[in-house]
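Q: Quick one: the structure is below, questions incoming.
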Amino acid sequence: PFNPVTKIKFALPKSGNVKLVLFDMLGREVAALVNKQLNQGEYEVNWDASSYPSGTYFYKLIADDYTETKKMVLVK
């Protein structure tokens, strides 16, 4: 759980186009935090959710042929 800012960390084994998108419980896209070409390495993205309601959110990381989805809980 977090309130109201969280850090999303990820590592890229090789350079490529990366998308990091946030969804609510109904599957609606609420924010796109990253949508660009990134080099190999470790990254950290902050999400300030102070303008979003409490609840469960998911982030989806897409990097070339790799996809990962994780759950986050915003508690205000």
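Starting from 1 in every chain, residues are counted up; chains themselves are A, B, ... following the order of the structure tokens, and ligands are numbered from 1 as listed.
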Near Met25 (chain A), within 10 Å and counting only C-alpha atoms, which residues show up once chain neighbours fewer than 6 positions away are dropped, as number ranges by chain?
A: A: 55-58, 71
Q: I'd like to know which residues of chain A are strand (DSSP E or B) (by DSSP, run on the backbone); could you write them as a PyMOL selection string?
A: chain A and resi 2+5-12+16-23+29-38+41-48+55-63+66-74
Q: Using only C-alpha atoms, determine which residues lie at most 6 Å from region 29-38 of chain A, disregarding the query and same-chain residues fewer than 3 positions distant; provide the list as a list in words.
A: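 So the residues in contact are Ser15, Gly16, Asn17, Val18, Lys19, Leu20, Val21, Leu22 and Phe23 of chain A.
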Q: Print the selection's residues with N, CA and C atoms to a file, as a tab-separated table (two decimals), in the first residue's frame.
A:
chain	number	residue	atom	x	y	z
A	15	SER	N	18.34	-2.32	-24.71
A	15	SER	CA	17.61	-1.13	-25.14
A	15	SER	C	16.36	-1.53	-25.91
A	16	GLY	N	15.34	-0.68	-25.83
A	16	GLY	CA	14.11	-0.96	-26.56
A	16	GLY	C	13.03	0.03	-26.24
A	17	ASN	N	11.90	-0.11	-26.94
A	17	ASN	CA	10.75	0.74	-26.71
A	17	ASN	C	10.03	0.23	-25.46
A	18	VAL	N	9.73	1.14	-24.53
A	18	VAL	CA	9.14	0.76	-23.24
A	18	VAL	C	7.86	1.55	-23.02
A	19	LYS	N	6.82	0.83	-22.56
A	19	LYS	CA	5.58	1.47	-22.15
A	19	LYS	C	5.29	1.05	-20.71
A	20	LEU	N	4.94	2.02	-19.88
A	20	LEU	CA	4.52	1.76	-18.51
A	20	LEU	C	3.18	2.45	-18.33
A	21	VAL	N	2.12	1.64	-18.23
A	21	VAL	CA	0.76	2.16	-18.22
A	21	VAL	C	0.06	1.72	-16.95
A	22	LEU	N	-0.78	2.61	-16.39
A	22	LEU	CA	-1.54	2.33	-15.18
A	22	LEU	C	-3.01	2.12	-15.52
A	23	PHE	N	-3.62	1.14	-14.84
A	23	PHE	CA	-5.03	0.81	-15.04
A	23	PHE	C	-5.75	0.77	-13.70
Q: Identify which of the residues A:Lys60, A:Leu26, A:Asp48, A:Glu42 lies closest to Thr6 (chain A), counting only C-alpha atoms when measuring atom-to-atom distances.
A: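 Closest to Thr6 (chain A) of all the choices is A:Asp48.
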Q: Could you tell me which of A:Asp64, A:Leu12, A:Pro1, A:Lys76 comes closest to Glu44 (chain A) if we count only C-alpha atoms?
A: A:Leu12
Q: In Å, rounded to a single decimal, give me how far CA of Met72 (chain A) is from CA of Gly27 (chain A).
A: 13.6 Å
Q: For Val45 (chain A), list every protein, DNA or RNA residue within 8 Å, evaluated using only C-alpha atoms, and leave out those in the same chain fewer than 4 positions away; present the list as a PDB file with N, CA, C and O atoms, in the first residue's frame.
A:
ATOM      1  N   LYS A   7       7.009   4.539  -6.001  1.00  0.00           N
ATOM      2  CA  LYS A   7       8.064   4.405  -7.004  1.00  0.00           C
ATOM      3  C   LYS A   7       7.924   3.048  -7.671  1.00  0.00           C
ATOM      4  O   LYS A   7       7.784   2.029  -6.998  1.00  0.00           O
ATOM      5  N   ILE A   8       7.979   3.046  -8.979  1.00  0.00           N
ATOM      6  CA  ILE A   8       7.946   1.807  -9.755  1.00  0.00           C
ATOM      7  C   ILE A   8       9.343   1.626 -10.331  1.00  0.00           C
ATOM      8  O   ILE A   8       9.827   2.465 -11.088  1.00  0.00           O
ATOM      9  N   LYS A   9       9.986   0.532  -9.942  1.00  0.00           N
ATOM     10  CA  LYS A   9      11.353   0.262 -10.380  1.00  0.00           C
ATOM     11  C   LYS A   9      11.348  -0.883 -11.383  1.00  0.00           C
ATOM     12  O   LYS A   9      10.603  -1.855 -11.218  1.00  0.00           O
ATOM     13  N   LEU A  33       2.865   6.450 -17.869  1.00  0.00           N
ATOM     14  CA  LEU A  33       4.033   7.064 -17.236  1.00  0.00           C
ATOM     15  C   LEU A  33       5.261   7.069 -18.139  1.00  0.00           C
ATOM     16  O   LEU A  33       6.091   7.964 -18.053  1.00  0.00           O
TER      17      LEU A  33
END
Q: Find the distance between CA of Ala63 (chain A) and CA of Phe2 (chain A) and write it in Å to one decimal.
A: 25.2 Å
Q: So how many Å separate CA of Val5 (chain A) and CA of Leu74 (chain A), to one decimal?
A: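 Separating CA of Val5 (chain A) from CA of Leu74 (chain A) is a distance of 8.8 Å.
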